[in-house]
file protein.tsv (TSV, N, CA and C atoms)
chain	number	residue	atom	x	y	z
A	5	GLN	N	141.93	145.53	123.12
A	5	GLN	CA	141.47	145.30	121.77
A	5	GLN	C	140.12	144.60	121.77
A	6	VAL	N	139.35	144.92	120.75
A	6	VAL	CA	138.02	144.32	120.58
A	6	VAL	C	137.96	143.68	119.20
A	7	GLN	N	137.43	142.50	119.14
A	7	GLN	CA	137.25	141.81	117.86
A	7	GLN	C	135.77	141.51	117.65
A	8	LEU	N	135.37	141.62	116.39
A	8	LEU	CA	134.01	141.27	115.99
A	8	LEU	C	134.10	140.12	114.98
A	9	VAL	N	133.34	139.08	115.21
A	9	VAL	CA	133.33	137.93	114.31
A	9	VAL	C	131.91	137.72	113.81
A	10	GLU	N	131.76	137.81	112.50
A	10	GLU	CA	130.46	137.64	111.88
A	10	GLU	C	130.31	136.23	111.33
A	11	SER	N	129.08	135.77	111.25
A	11	SER	CA	128.80	134.47	110.62
A	11	SER	C	127.36	134.46	110.14
A	12	GLY	N	127.06	133.53	109.23
A	12	GLY	CA	125.69	133.31	108.82
A	12	GLY	C	125.34	133.72	107.41
A	13	GLY	N	126.26	134.33	106.69
A	13	GLY	CA	125.95	134.70	105.32
A	13	GLY	C	125.92	133.49	104.40
A	14	GLY	N	125.55	133.73	103.13
A	14	GLY	CA	125.52	132.65	102.17
A	14	GLY	C	124.61	132.93	101.01
A	15	LEU	N	124.31	131.87	100.28
A	15	LEU	CA	123.44	131.94	99.11
A	15	LEU	C	122.07	131.39	99.48
A	16	VAL	N	121.04	132.15	99.11
A	16	VAL	CA	119.67	131.73	99.42
A	16	VAL	C	118.77	132.11	98.26
A	17	GLN	N	117.72	131.36	98.06
A	17	GLN	CA	116.77	131.67	97.00
A	17	GLN	C	115.83	132.80	97.44
A	18	PRO	N	115.27	133.52	96.48
A	18	PRO	CA	114.28	134.55	96.83
A	18	PRO	C	113.16	133.96	97.66
A	19	GLY	N	112.78	134.70	98.70
A	19	GLY	CA	111.76	134.22	99.62
A	19	GLY	C	112.31	133.45	100.80
A	20	GLY	N	113.59	133.13	100.74
A	20	GLY	CA	114.21	132.36	101.81
A	20	GLY	C	114.63	133.22	102.99
A	21	SER	N	115.29	132.57	103.95
A	21	SER	CA	115.70	133.24	105.19
A	21	SER	C	117.16	132.94	105.50
A	22	LEU	N	117.77	133.89	106.19
A	22	LEU	CA	119.11	133.73	106.74
A	22	LEU	C	119.17	134.44	108.08
A	23	ARG	N	120.08	133.97	108.92
A	23	ARG	CA	120.29	134.63	110.21
A	23	ARG	C	121.78	134.94	110.35
A	24	LEU	N	122.07	136.22	110.51
A	24	LEU	CA	123.45	136.66	110.71
A	24	LEU	C	123.72	136.84	112.21
A	25	SER	N	124.97	136.55	112.58
A	25	SER	CA	125.40	136.75	113.97
A	25	SER	C	126.69	137.54	113.98
A	26	CYS	N	126.89	138.32	115.02
A	26	CYS	CA	128.12	139.08	115.19
A	26	CYS	C	128.45	139.08	116.68
A	27	ALA	N	129.58	138.45	117.02
A	27	ALA	CA	129.97	138.34	118.41
A	27	ALA	C	131.18	139.23	118.69
A	28	ALA	N	131.08	140.01	119.74
A	28	ALA	CA	132.19	140.87	120.15
A	28	ALA	C	132.95	140.21	121.29
A	29	SER	N	134.27	140.34	121.24
A	29	SER	CA	135.10	139.78	122.30
A	29	SER	C	136.30	140.68	122.55
A	30	GLY	N	136.95	140.49	123.69
A	30	GLY	CA	138.11	141.30	124.02
A	30	GLY	C	137.87	142.12	125.27
A	31	SER	N	138.50	143.27	125.31
A	31	SER	CA	138.41	144.14	126.49
A	31	SER	C	137.13	144.98	126.43
A	32	ILE	N	136.04	144.37	126.85
A	32	ILE	CA	134.72	145.01	126.75
A	32	ILE	C	134.25	145.41	128.13
A	33	PHE	N	134.01	146.71	128.31
A	33	PHE	CA	133.43	147.22	129.54
A	33	PHE	C	131.96	147.58	129.36
A	34	SER	N	131.65	148.07	128.18
A	34	SER	CA	130.26	148.43	127.91
A	34	SER	C	130.01	148.42	126.41
A	35	ILE	N	128.81	148.02	126.03
A	35	ILE	CA	128.38	148.03	124.63
A	35	ILE	C	127.11	148.87	124.55
A	36	TYR	N	127.11	149.83	123.68
A	36	TYR	CA	125.93	150.68	123.49
A	36	TYR	C	125.18	150.22	122.25
A	37	GLY	N	125.27	150.94	121.17
A	37	GLY	CA	124.54	150.57	119.97
A	37	GLY	C	125.18	149.40	119.25
A	38	MET	N	124.32	148.62	118.61
A	38	MET	CA	124.76	147.53	117.75
A	38	MET	C	123.91	147.59	116.49
A	39	GLY	N	124.50	147.21	115.37
A	39	GLY	CA	123.71	147.31	114.15
A	39	GLY	C	124.30	146.55	112.99
A	40	TRP	N	123.52	146.53	111.94
A	40	TRP	CA	123.93	145.89	110.68
A	40	TRP	C	123.80	146.90	109.55
A	41	HIS	N	124.83	146.96	108.74
A	41	HIS	CA	124.87	147.82	107.57
A	41	HIS	C	125.19	146.94	106.38
A	42	ARG	N	124.85	147.42	105.19
A	42	ARG	CA	125.12	146.61	104.01
A	42	ARG	C	125.61	147.47	102.87
A	43	GLN	N	126.37	146.83	101.98
A	43	GLN	CA	127.01	147.56	100.90
A	43	GLN	C	127.09	146.70	99.66
A	44	THR	N	126.75	147.31	98.51
A	44	THR	CA	126.91	146.66	97.22
A	44	THR	C	128.01	147.39	96.46
A	45	PRO	N	128.63	146.74	95.48
A	45	PRO	CA	129.76	147.35	94.76
A	45	PRO	C	129.39	148.70	94.16
A	46	GLY	N	130.24	149.68	94.38
A	46	GLY	CA	130.04	151.00	93.82
A	46	GLY	C	129.07	151.90	94.56
A	47	LYS	N	128.52	151.39	95.66
A	47	LYS	CA	127.56	152.18	96.42
A	47	LYS	C	128.05	152.37	97.85
A	48	GLN	N	127.46	153.34	98.52
A	48	GLN	CA	127.85	153.59	99.91
A	48	GLN	C	127.26	152.53	100.82
A	49	ARG	N	127.86	152.42	102.00
A	49	ARG	CA	127.37	151.48	103.00
A	49	ARG	C	126.16	152.10	103.70
A	50	ASP	N	125.05	151.40	103.72
A	50	ASP	CA	123.81	151.91	104.28
A	50	ASP	C	123.38	151.10	105.50
A	51	MET	N	122.70	151.78	106.41
A	51	MET	CA	122.16	151.12	107.59
A	51	MET	C	120.99	150.22	107.19
A	52	ALA	N	121.00	149.00	107.71
A	52	ALA	CA	119.85	148.11	107.54
A	52	ALA	C	119.00	148.08	108.81
A	53	ALA	N	119.67	147.92	109.96
A	53	ALA	CA	118.95	147.86	111.23
A	53	ALA	C	119.91	148.16	112.37
A	54	ILE	N	119.42	148.85	113.40
A	54	ILE	CA	120.22	149.13	114.58
A	54	ILE	C	119.39	148.91	115.83
A	55	ILE	N	120.09	148.63	116.94
A	55	ILE	CA	119.42	148.41	118.22
A	55	ILE	C	120.28	149.03	119.30
A	56	ASP	N	119.65	149.78	120.20
A	56	ASP	CA	120.43	150.43	121.24
A	56	ASP	C	120.46	149.57	122.50
A	57	SER	N	121.12	150.08	123.53
A	57	SER	CA	121.28	149.29	124.75
A	57	SER	C	119.97	149.04	125.47
A	58	GLY	N	118.95	149.85	125.16
A	58	GLY	CA	117.63	149.66	125.76
A	58	GLY	C	116.72	148.75	124.95
A	59	GLY	N	117.24	148.27	123.83
A	59	GLY	CA	116.45	147.37	122.99
A	59	GLY	C	115.60	148.07	121.94
A	60	HIS	N	115.74	149.39	121.85
A	60	HIS	CA	114.99	150.11	120.83
A	60	HIS	C	115.63	149.87	119.47
A	61	THR	N	114.78	149.67	118.46
A	61	THR	CA	115.27	149.32	117.13
A	61	THR	C	114.85	150.35	116.08
A	62	VAL	N	115.67	150.44	115.04
A	62	VAL	CA	115.37	151.26	113.87
A	62	VAL	C	115.71	150.43	112.64
A	63	TYR	N	114.83	150.48	111.65
A	63	TYR	CA	115.04	149.72	110.43
A	63	TYR	C	114.99	150.64	109.22
A	64	ALA	N	115.77	150.28	108.21
A	64	ALA	CA	115.62	150.94	106.92
A	64	ALA	C	114.26	150.57	106.35
A	65	ASP	N	113.66	151.49	105.61
A	65	ASP	CA	112.33	151.23	105.06
A	65	ASP	C	112.32	149.97	104.20
A	66	SER	N	113.42	149.72	103.51
A	66	SER	CA	113.49	148.60	102.57
A	66	SER	C	113.45	147.24	103.26
A	67	VAL	N	113.71	147.19	104.56
A	67	VAL	CA	113.74	145.89	105.25
A	67	VAL	C	112.66	145.75	106.31
A	68	LYS	N	111.91	146.81	106.57
A	68	LYS	CA	110.86	146.76	107.60
A	68	LYS	C	109.87	145.64	107.32
A	69	GLY	N	109.54	144.92	108.37
A	69	GLY	CA	108.59	143.82	108.24
A	69	GLY	C	109.20	142.52	107.77
A	70	ARG	N	110.46	142.57	107.33
A	70	ARG	CA	111.12	141.35	106.86
A	70	ARG	C	112.35	140.99	107.71
A	71	PHE	N	113.05	141.98	108.20
A	71	PHE	CA	114.26	141.76	109.01
A	71	PHE	C	113.95	142.06	110.47
A	72	THR	N	114.60	141.33	111.36
A	72	THR	CA	114.48	141.57	112.80
A	72	THR	C	115.87	141.56	113.43
A	73	ILE	N	116.20	142.65	114.10
A	73	ILE	CA	117.48	142.72	114.80
A	73	ILE	C	117.25	142.44	116.28
A	74	SER	N	118.19	141.74	116.89
A	74	SER	CA	118.10	141.44	118.32
A	74	SER	C	119.51	141.35	118.88
A	75	ARG	N	119.60	141.35	120.20
A	75	ARG	CA	120.92	141.26	120.82
A	75	ARG	C	120.84	140.41	122.08
A	76	ASP	N	121.95	139.75	122.37
A	76	ASP	CA	122.10	138.97	123.59
A	76	ASP	C	123.24	139.62	124.37
A	77	ASN	N	122.90	140.40	125.36
A	77	ASN	CA	123.92	141.15	126.08
A	77	ASN	C	124.88	140.23	126.85
A	78	ALA	N	124.39	139.10	127.30
A	78	ALA	CA	125.25	138.17	128.03
A	78	ALA	C	126.34	137.59	127.14
A	79	LYS	N	126.03	137.51	125.85
A	79	LYS	CA	126.99	136.94	124.88
A	79	LYS	C	127.66	138.01	124.03
A	80	ASN	N	127.33	139.28	124.28
A	80	ASN	CA	127.89	140.39	123.48
A	80	ASN	C	127.68	140.13	121.98
A	81	THR	N	126.49	139.70	121.64
A	81	THR	CA	126.20	139.28	120.27
A	81	THR	C	124.95	140.00	119.75
A	82	VAL	N	125.03	140.36	118.47
A	82	VAL	CA	123.88	140.94	117.79
A	82	VAL	C	123.51	140.02	116.63
A	83	TYR	N	122.22	139.91	116.39
A	83	TYR	CA	121.70	139.02	115.36
A	83	TYR	C	120.87	139.82	114.35
A	84	LEU	N	120.78	139.28	113.15
A	84	LEU	CA	119.86	139.84	112.15
A	84	LEU	C	119.15	138.67	111.49
A	85	GLN	N	117.87	138.52	111.81
A	85	GLN	CA	117.04	137.52	111.16
A	85	GLN	C	116.44	138.14	109.91
A	86	MET	N	116.73	137.54	108.77
A	86	MET	CA	116.28	138.07	107.49
A	86	MET	C	115.33	137.08	106.85
A	87	ASN	N	114.09	137.49	106.68
A	87	ASN	CA	113.06	136.66	106.06
A	87	ASN	C	112.59	137.29	104.75
A	88	SER	N	111.90	136.50	103.96
A	88	SER	CA	111.36	136.97	102.68
A	88	SER	C	112.42	137.72	101.89
A	89	LEU	N	113.58	137.13	101.77
A	89	LEU	CA	114.70	137.79	101.12
A	89	LEU	C	114.43	138.02	99.64
A	90	LYS	N	114.94	139.14	99.15
A	90	LYS	CA	114.77	139.55	97.76
A	90	LYS	C	116.14	139.68	97.10
A	91	PRO	N	116.20	139.58	95.78
A	91	PRO	CA	117.49	139.75	95.10
A	91	PRO	C	118.17	141.08	95.45
A	92	GLU	N	117.38	142.12	95.68
A	92	GLU	CA	117.96	143.42	96.01
A	92	GLU	C	118.56	143.47	97.41
A	93	ASP	N	118.37	142.42	98.20
A	93	ASP	CA	119.04	142.33	99.50
A	93	ASP	C	120.47	141.83	99.37
A	94	THR	N	120.85	141.40	98.18
A	94	THR	CA	122.22	140.93	97.95
A	94	THR	C	123.21	142.04	98.26
A	95	ALA	N	124.17	141.74	99.14
A	95	ALA	CA	125.14	142.73	99.57
A	95	ALA	C	126.13	142.08	100.52
A	96	VAL	N	127.18	142.81	100.85
A	96	VAL	CA	128.04	142.43	101.97
A	96	VAL	C	127.45	143.11	103.22
A	97	TYR	N	127.22	142.32	104.22
A	97	TYR	CA	126.63	142.81	105.46
A	97	TYR	C	127.72	142.96	106.53
A	98	TYR	N	127.75	144.13	107.13
A	98	TYR	CA	128.75	144.44	108.16
A	98	TYR	C	128.04	144.73	109.49
A	99	CYS	N	128.54	144.14	110.56
A	99	CYS	CA	128.03	144.54	111.85
A	99	CYS	C	128.86	145.71	112.36
A	100	ARG	N	128.22	146.52	113.16
A	100	ARG	CA	128.86	147.69	113.76
A	100	ARG	C	128.47	147.71	115.23
A	101	VAL	N	129.46	147.83	116.09
A	101	VAL	CA	129.20	147.79	117.52
A	101	VAL	C	129.97	148.92	118.20
A	102	VAL	N	129.29	149.65	119.05
A	102	VAL	CA	129.94	150.70	119.83
A	102	VAL	C	130.37	150.11	121.17
A	103	VAL	N	131.67	149.91	121.31
A	103	VAL	CA	132.24	149.27	122.50
A	103	VAL	C	133.13	150.28	123.21
A	104	ASN	N	132.86	150.46	124.49
A	104	ASN	CA	133.67	151.39	125.29
A	104	ASN	C	133.74	152.77	124.64
A	105	GLY	N	132.67	153.14	123.96
A	105	GLY	CA	132.59	154.46	123.36
A	105	GLY	C	133.21	154.57	121.98
A	106	ARG	N	133.69	153.48	121.43
A	106	ARG	CA	134.32	153.51	120.11
A	106	ARG	C	133.56	152.60	119.14
A	107	ASP	N	133.60	153.00	117.85
A	107	ASP	CA	132.99	152.20	116.79
A	107	ASP	C	133.91	151.07	116.35
A	108	TYR	N	133.34	149.89	116.23
A	108	TYR	CA	134.06	148.76	115.65
A	108	TYR	C	133.20	148.13	114.56
A	109	TRP	N	133.88	147.66	113.49
A	109	TRP	CA	133.18	147.04	112.37
A	109	TRP	C	133.64	145.60	112.22
A	110	GLY	N	132.68	144.74	111.82
A	110	GLY	CA	133.04	143.38	111.48
A	110	GLY	C	133.69	143.32	110.11
A	111	GLN	N	134.14	142.12	109.75
A	111	GLN	CA	134.88	141.95	108.49
A	111	GLN	C	133.95	141.86	107.28
A	112	GLY	N	132.66	141.70	107.53
A	112	GLY	CA	131.70	141.61	106.44
A	112	GLY	C	131.39	140.16	106.08
A	113	THR	N	130.14	139.91	105.76
A	113	THR	CA	129.72	138.59	105.31
A	113	THR	C	128.80	138.75	104.10
A	114	GLN	N	129.07	137.95	103.07
A	114	GLN	CA	128.32	138.08	101.82
A	114	GLN	C	126.96	137.38	101.94
A	115	VAL	N	125.94	138.10	101.53
A	115	VAL	CA	124.60	137.53	101.39
A	115	VAL	C	124.19	137.66	99.94
A	116	THR	N	123.87	136.54	99.31
A	116	THR	CA	123.47	136.53	97.91
A	116	THR	C	122.10	135.89	97.80
A	117	VAL	N	121.17	136.64	97.22
A	117	VAL	CA	119.80	136.14	97.03
A	117	VAL	C	119.59	135.94	95.54
A	118	SER	N	119.51	134.69	95.13
A	118	SER	CA	119.42	134.38	93.71
A	118	SER	C	118.82	133.01	93.51
A	119	SER	N	118.10	132.86	92.41
A	119	SER	CA	117.56	131.56	92.07
A	119	SER	C	118.50	130.81	91.14

call {"tool": "encode", "arguments": {"input": "protein.tsv", "output": "structure tokens"}}
result
Amino acid sequence: QVQLVESGGGLVQPGGSLRLSCAASGSIFSIYGMGWHRQTPGKQRDMAAIIDSGGHTVYADSVKGRFTISRDNAKNTVYLQMNSLKPEDTAVYYCRVVVNGRDYWGQGTQVTVSS
């Protein structure tokens, strides 16, 4: 079994920053892609940022230049540094990790950007 534990969400004012973390644990032999997706009520879950095992990254256009995804392979952890946050970034953020060839999702963490 593999577990993903997310942390770092919360309430922040527009222009502020937050850093999300997602740590994988359990029977891990290999981790390939890692990423962050986000979802607002009534809408589909969309990709925000992904990073592969070689460190190559892809960002949604809406977060380019403001969000940075990174990973620590020794800790089986993926991070999302979010700067210059906007109200439209408000969503539940889910990490997604491909472990041993299978997709796993975190439980989700709420990010609210509001004054």

call {"tool": "residues_around", "arguments": {"input": "protein.tsv", "residues": "Gln43 (chain A)", "least_positions_apart": "3", "cutoff": "5 Å", "atoms": "all atoms listed in the file", "output": "number ranges by chain"}}
result
A: 48-49, 95-96

call {"tool": "atom_distance", "arguments": {"input": "protein.tsv", "atom1": "CA of Ala28 (chain A)", "atom2": "CA of Lys68 (chain A)"}}
result
25.4 Å

call {"tool": "residues_around", "arguments": {"input": "protein.tsv", "residues": "Gly30 (chain A)", "least_positions_apart": "6", "cutoff": "6.5 Å", "atoms": "only N, CA and C atoms", "output": "JSON, numbers by chain"}}
result
{"A": [5, 6, 7]}

call {"tool": "atom_distance", "arguments": {"input": "protein.tsv", "atom1": "CA of Arg106 (chain A)", "atom2": "CA of Asp56 (chain A)"}}
result
14.3 Å

call {"tool": "closest_residue", "arguments": {"input": "protein.tsv", "among": "A:Thr44, A:Thr61, A:Thr113, A:Asn104", "to": "Ser11 (chain A)", "atoms": "all atoms listed in the file"}}
result
A:Thr113

call {"tool": "atom_distance", "arguments": {"input": "protein.tsv", "atom1": "atom N of Tyr108 (chain A)", "atom2": "atom C of Gly69 (chain A)"}}
result
26.6 Å

call {"tool": "closest_residue", "arguments": {"input": "protein.tsv", "among": "A:Val62, A:Leu15, A:Val117, A:Asp76", "to": "Glu92 (chain A)", "atoms": "all atoms listed in the file"}}
result
A:Val117

call {"tool": "closest_atom_pairs", "arguments": {"input": "protein.tsv", "of": "region 33-61 of chain A", "to": "region 81-85 of chain A", "cutoff": "9 Å", "atoms": "only C-alpha atoms", "output": "CSV"}}
result
residue,atom,partner,partner_atom,distance
A:Met38,CA,A:Val82,CA,6.6
A:Gly39,CA,A:Val82,CA,7.3
A:Trp40,CA,A:Leu84,CA,7.4
A:Ala53,CA,A:Leu84,CA,8.1
A:Ile55,CA,A:Val82,CA,8.7

call {"tool": "residues_around", "arguments": {"input": "protein.tsv", "residues": "Lys90 (chain A)", "least_positions_apart": "5", "cutoff": "7 Å", "atoms": "only N, CA and C atoms", "output": "list in words"}}
result
Gln17, Pro18, Gly19, Gly20, Val117 and Ser118 of chain A

call {"tool": "residues_around", "arguments": {"input": "protein.tsv", "residues": "Ile54 (chain A)", "least_positions_apart": "4", "cutoff": "12 Å", "atoms": "only C-alpha atoms", "output": "PDB file with N, CA and C atoms, in the frame of the given file"}}
result
ATOM      1  N   TYR A  36     127.110 149.830 123.680  1.00  0.00           N
ATOM      2  CA  TYR A  36     125.930 150.680 123.490  1.00  0.00           C
ATOM      3  C   TYR A  36     125.180 150.220 122.250  1.00  0.00           C
ATOM      4  N   GLY A  37     125.270 150.940 121.170  1.00  0.00           N
ATOM      5  CA  GLY A  37     124.540 150.570 119.970  1.00  0.00           C
ATOM      6  C   GLY A  37     125.180 149.400 119.250  1.00  0.00           C
ATOM      7  N   MET A  38     124.320 148.620 118.610  1.00  0.00           N
ATOM      8  CA  MET A  38     124.760 147.530 117.750  1.00  0.00           C
ATOM      9  C   MET A  38     123.910 147.590 116.490  1.00  0.00           C
ATOM     10  N   GLY A  39     124.500 147.210 115.370  1.00  0.00           N
ATOM     11  CA  GLY A  39     123.710 147.310 114.150  1.00  0.00           C
ATOM     12  C   GLY A  39     124.300 146.550 112.990  1.00  0.00           C
ATOM     13  N   TRP A  40     123.520 146.530 111.940  1.00  0.00           N
ATOM     14  CA  TRP A  40     123.930 145.890 110.680  1.00  0.00           C
ATOM     15  C   TRP A  40     123.800 146.900 109.550  1.00  0.00           C
ATOM     16  N   HIS A  41     124.830 146.960 108.740  1.00  0.00           N
ATOM     17  CA  HIS A  41     124.870 147.820 107.570  1.00  0.00           C
ATOM     18  C   HIS A  41     125.190 146.940 106.380  1.00  0.00           C
ATOM     19  N   ARG A  42     124.850 147.420 105.190  1.00  0.00           N
ATOM     20  CA  ARG A  42     125.120 146.610 104.010  1.00  0.00           C
ATOM     21  C   ARG A  42     125.610 147.470 102.870  1.00  0.00           C
ATOM     22  N   ASP A  50     125.050 151.400 103.720  1.00  0.00           N
ATOM     23  CA  ASP A  50     123.810 151.910 104.280  1.00  0.00           C
ATOM     24  C   ASP A  50     123.380 151.100 105.500  1.00  0.00           C
ATOM     25  N   GLY A  58     118.950 149.850 125.160  1.00  0.00           N
ATOM     26  CA  GLY A  58     117.630 149.660 125.760  1.00  0.00           C
ATOM     27  C   GLY A  58     116.720 148.750 124.950  1.00  0.00           C
ATOM     28  N   GLY A  59     117.240 148.270 123.830  1.00  0.00           N
ATOM     29  CA  GLY A  59     116.450 147.370 122.990  1.00  0.00           C
ATOM     30  C   GLY A  59     115.600 148.070 121.940  1.00  0.00           C
ATOM     31  N   HIS A  60     115.740 149.390 121.850  1.00  0.00           N
ATOM     32  CA  HIS A  60     114.990 150.110 120.830  1.00  0.00           C
ATOM     33  C   HIS A  60     115.630 149.870 119.470  1.00  0.00           C
ATOM     34  N   THR A  61     114.780 149.670 118.460  1.00  0.00           N
ATOM     35  CA  THR A  61     115.270 149.320 117.130  1.00  0.00           C
ATOM     36  C   THR A  61     114.850 150.350 116.080  1.00  0.00           C
ATOM     37  N   VAL A  62     115.670 150.440 115.040  1.00  0.00           N
ATOM     38  CA  VAL A  62     115.370 151.260 113.870  1.00  0.00           C
ATOM     39  C   VAL A  62     115.710 150.430 112.640  1.00  0.00           C
ATOM     40  N   TYR A  63     114.830 150.480 111.650  1.00  0.00           N
ATOM     41  CA  TYR A  63     115.040 149.720 110.430  1.00  0.00           C
ATOM     42  C   TYR A  63     114.990 150.640 109.220  1.00  0.00           C
ATOM     43  N   ALA A  64     115.770 150.280 108.210  1.00  0.00           N
ATOM     44  CA  ALA A  64     115.620 150.940 106.920  1.00  0.00           C
ATOM     45  C   ALA A  64     114.260 150.570 106.350  1.00  0.00           C
ATOM     46  N   VAL A  67     113.710 147.190 104.560  1.00  0.00           N
ATOM     47  CA  VAL A  67     113.740 145.890 105.250  1.00  0.00           C
ATOM     48  C   VAL A  67     112.660 145.750 106.310  1.00  0.00           C
ATOM     49  N   LYS A  68     111.910 146.810 106.570  1.00  0.00           N
ATOM     50  CA  LYS A  68     110.860 146.760 107.600  1.00  0.00           C
ATOM     51  C   LYS A  68     109.870 145.640 107.320  1.00  0.00           C
ATOM     52  N   PHE A  71     113.050 141.980 108.200  1.00  0.00           N
ATOM     53  CA  PHE A  71     114.260 141.760 109.010  1.00  0.00           C
ATOM     54  C   PHE A  71     113.950 142.060 110.470  1.00  0.00           C
ATOM     55  N   THR A  72     114.600 141.330 111.360  1.00  0.00           N
ATOM     56  CA  THR A  72     114.480 141.570 112.800  1.00  0.00           C
ATOM     57  C   THR A  72     115.870 141.560 113.430  1.00  0.00           C
ATOM     58  N   ILE A  73     116.200 142.650 114.100  1.00  0.00           N
ATOM     59  CA  ILE A  73     117.480 142.720 114.800  1.00  0.00           C
ATOM     60  C   ILE A  73     117.250 142.440 116.280  1.00  0.00           C
ATOM     61  N   SER A  74     118.190 141.740 116.890  1.00  0.00           N
ATOM     62  CA  SER A  74     118.100 141.440 118.320  1.00  0.00           C
ATOM     63  C   SER A  74     119.510 141.350 118.880  1.00  0.00           C
ATOM     64  N   ARG A  75     119.600 141.350 120.200  1.00  0.00           N
ATOM     65  CA  ARG A  75     120.920 141.260 120.820  1.00  0.00           C
ATOM     66  C   ARG A  75     120.840 140.410 122.080  1.00  0.00           C
ATOM     67  N   VAL A  82     125.030 140.360 118.470  1.00  0.00           N
ATOM     68  CA  VAL A  82     123.880 140.940 117.790  1.00  0.00           C
ATOM     69  C   VAL A  82     123.510 140.020 116.630  1.00  0.00           C
ATOM     70  N   TYR A  83     122.220 139.910 116.390  1.00  0.00           N
ATOM     71  CA  TYR A  83     121.700 139.020 115.360  1.00  0.00           C
ATOM     72  C   TYR A  83     120.870 139.820 114.350  1.00  0.00           C
ATOM     73  N   LEU A  84     120.780 139.280 113.150  1.00  0.00           N
ATOM     74  CA  LEU A  84     119.860 139.840 112.150  1.00  0.00           C
ATOM     75  C   LEU A  84     119.150 138.670 111.490  1.00  0.00           C
ATOM     76  N   TYR A  98     127.750 144.130 107.130  1.00  0.00           N
ATOM     77  CA  TYR A  98     128.750 144.440 108.160  1.00  0.00           C
ATOM     78  C   TYR A  98     128.040 144.730 109.490  1.00  0.00           C
ATOM     79  N   CYS A  99     128.540 144.140 110.560  1.00  0.00           N
ATOM     80  CA  CYS A  99     128.030 144.540 111.850  1.00  0.00           C
ATOM     81  C   CYS A  99     128.860 145.710 112.360  1.00  0.00           C
ATOM     82  N   ARG A 100     128.220 146.520 113.160  1.00  0.00           N
ATOM     83  CA  ARG A 100     128.860 147.690 113.760  1.00  0.00           C
ATOM     84  C   ARG A 100     128.470 147.710 115.230  1.00  0.00           C
ATOM     85  N   VAL A 101     129.460 147.830 116.090  1.00  0.00           N
ATOM     86  CA  VAL A 101     129.200 147.790 117.520  1.00  0.00           C
ATOM     87  C   VAL A 101     129.970 148.920 118.200  1.00  0.00           C
ATOM     88  N   VAL A 102     129.290 149.650 119.050  1.00  0.00           N
ATOM     89  CA  VAL A 102     129.940 150.700 119.830  1.00  0.00           C
ATOM     90  C   VAL A 102     130.370 150.110 121.170  1.00  0.00           C
TER      91      VAL A 102
END

call {"tool": "closest_residue", "arguments": {"input": "protein.tsv", "among": "A:Leu89, A:Trp109, A:Ala27, A:Ser57", "to": "Val9 (chain A)", "atoms": "all atoms listed in the file"}}
result
A:Ala27

call {"tool": "select_by_dssp", "arguments": {"input": "protein.tsv", "residues": "chain A", "states": "strand (DSSP E)", "output": "ChimeraX atom specification"}}
result
/A:6-11,14-16,22-30,35-43,50-55,61-63,71-76,81-86,95-103,106-109,113-117

call {"tool": "closest_residue", "arguments": {"input": "protein.tsv", "among": "A:Met86, A:Val115, A:Ala52, A:Leu8", "to": "Ser29 (chain A)", "atoms": "only C-alpha atoms"}}
result
A:Leu8

call {"tool": "axis_aligned_box", "arguments": {"input": "protein.tsv", "around": "region 54-71 of chain A", "padding_each_side": "6 Å", "output": "JSON"}}
result
{"center_x": 114.9, "center_y": 146.2, "center_z": 114.2, "size_x": 24.7, "size_y": 22.5, "size_z": 35.2}

call {"tool": "decode", "arguments": {"input": "protein.tsv", "residues": "region 12-23 of chain A", "atoms": "C-alpha atoms", "output": "mmCIF file, in the first residue's frame"}}
result
data_model
loop_
_atom_site.group_PDB
_atom_site.id
_atom_site.type_symbol
_atom_site.label_atom_id
_atom_site.label_comp_id
_atom_site.auth_asym_id
_atom_site.auth_seq_id
_atom_site.Cartn_x
_atom_site.Cartn_y
_atom_site.Cartn_z
ATOM 1 C CA GLY A 12 0.449 23.415 3.486
ATOM 2 C CA GLY A 13 -2.935 24.683 2.404
ATOM 3 C CA GLY A 14 -4.763 27.554 4.063
ATOM 4 C CA LEU A 15 -6.056 31.083 3.760
ATOM 5 C CA VAL A 16 -3.857 33.752 2.208
ATOM 6 C CA GLN A 17 -4.385 37.273 0.937
ATOM 7 C CA PRO A 18 -4.054 38.113 -2.761
ATOM 8 C CA GLY A 19 -0.406 38.504 -3.659
ATOM 9 C CA GLY A 20 0.675 36.162 -0.898
ATOM 10 C CA SER A 21 2.474 32.824 -1.024
ATOM 11 C CA LEU A 22 1.911 29.261 0.100
ATOM 12 C CA ARG A 23 3.937 26.090 -0.188
#
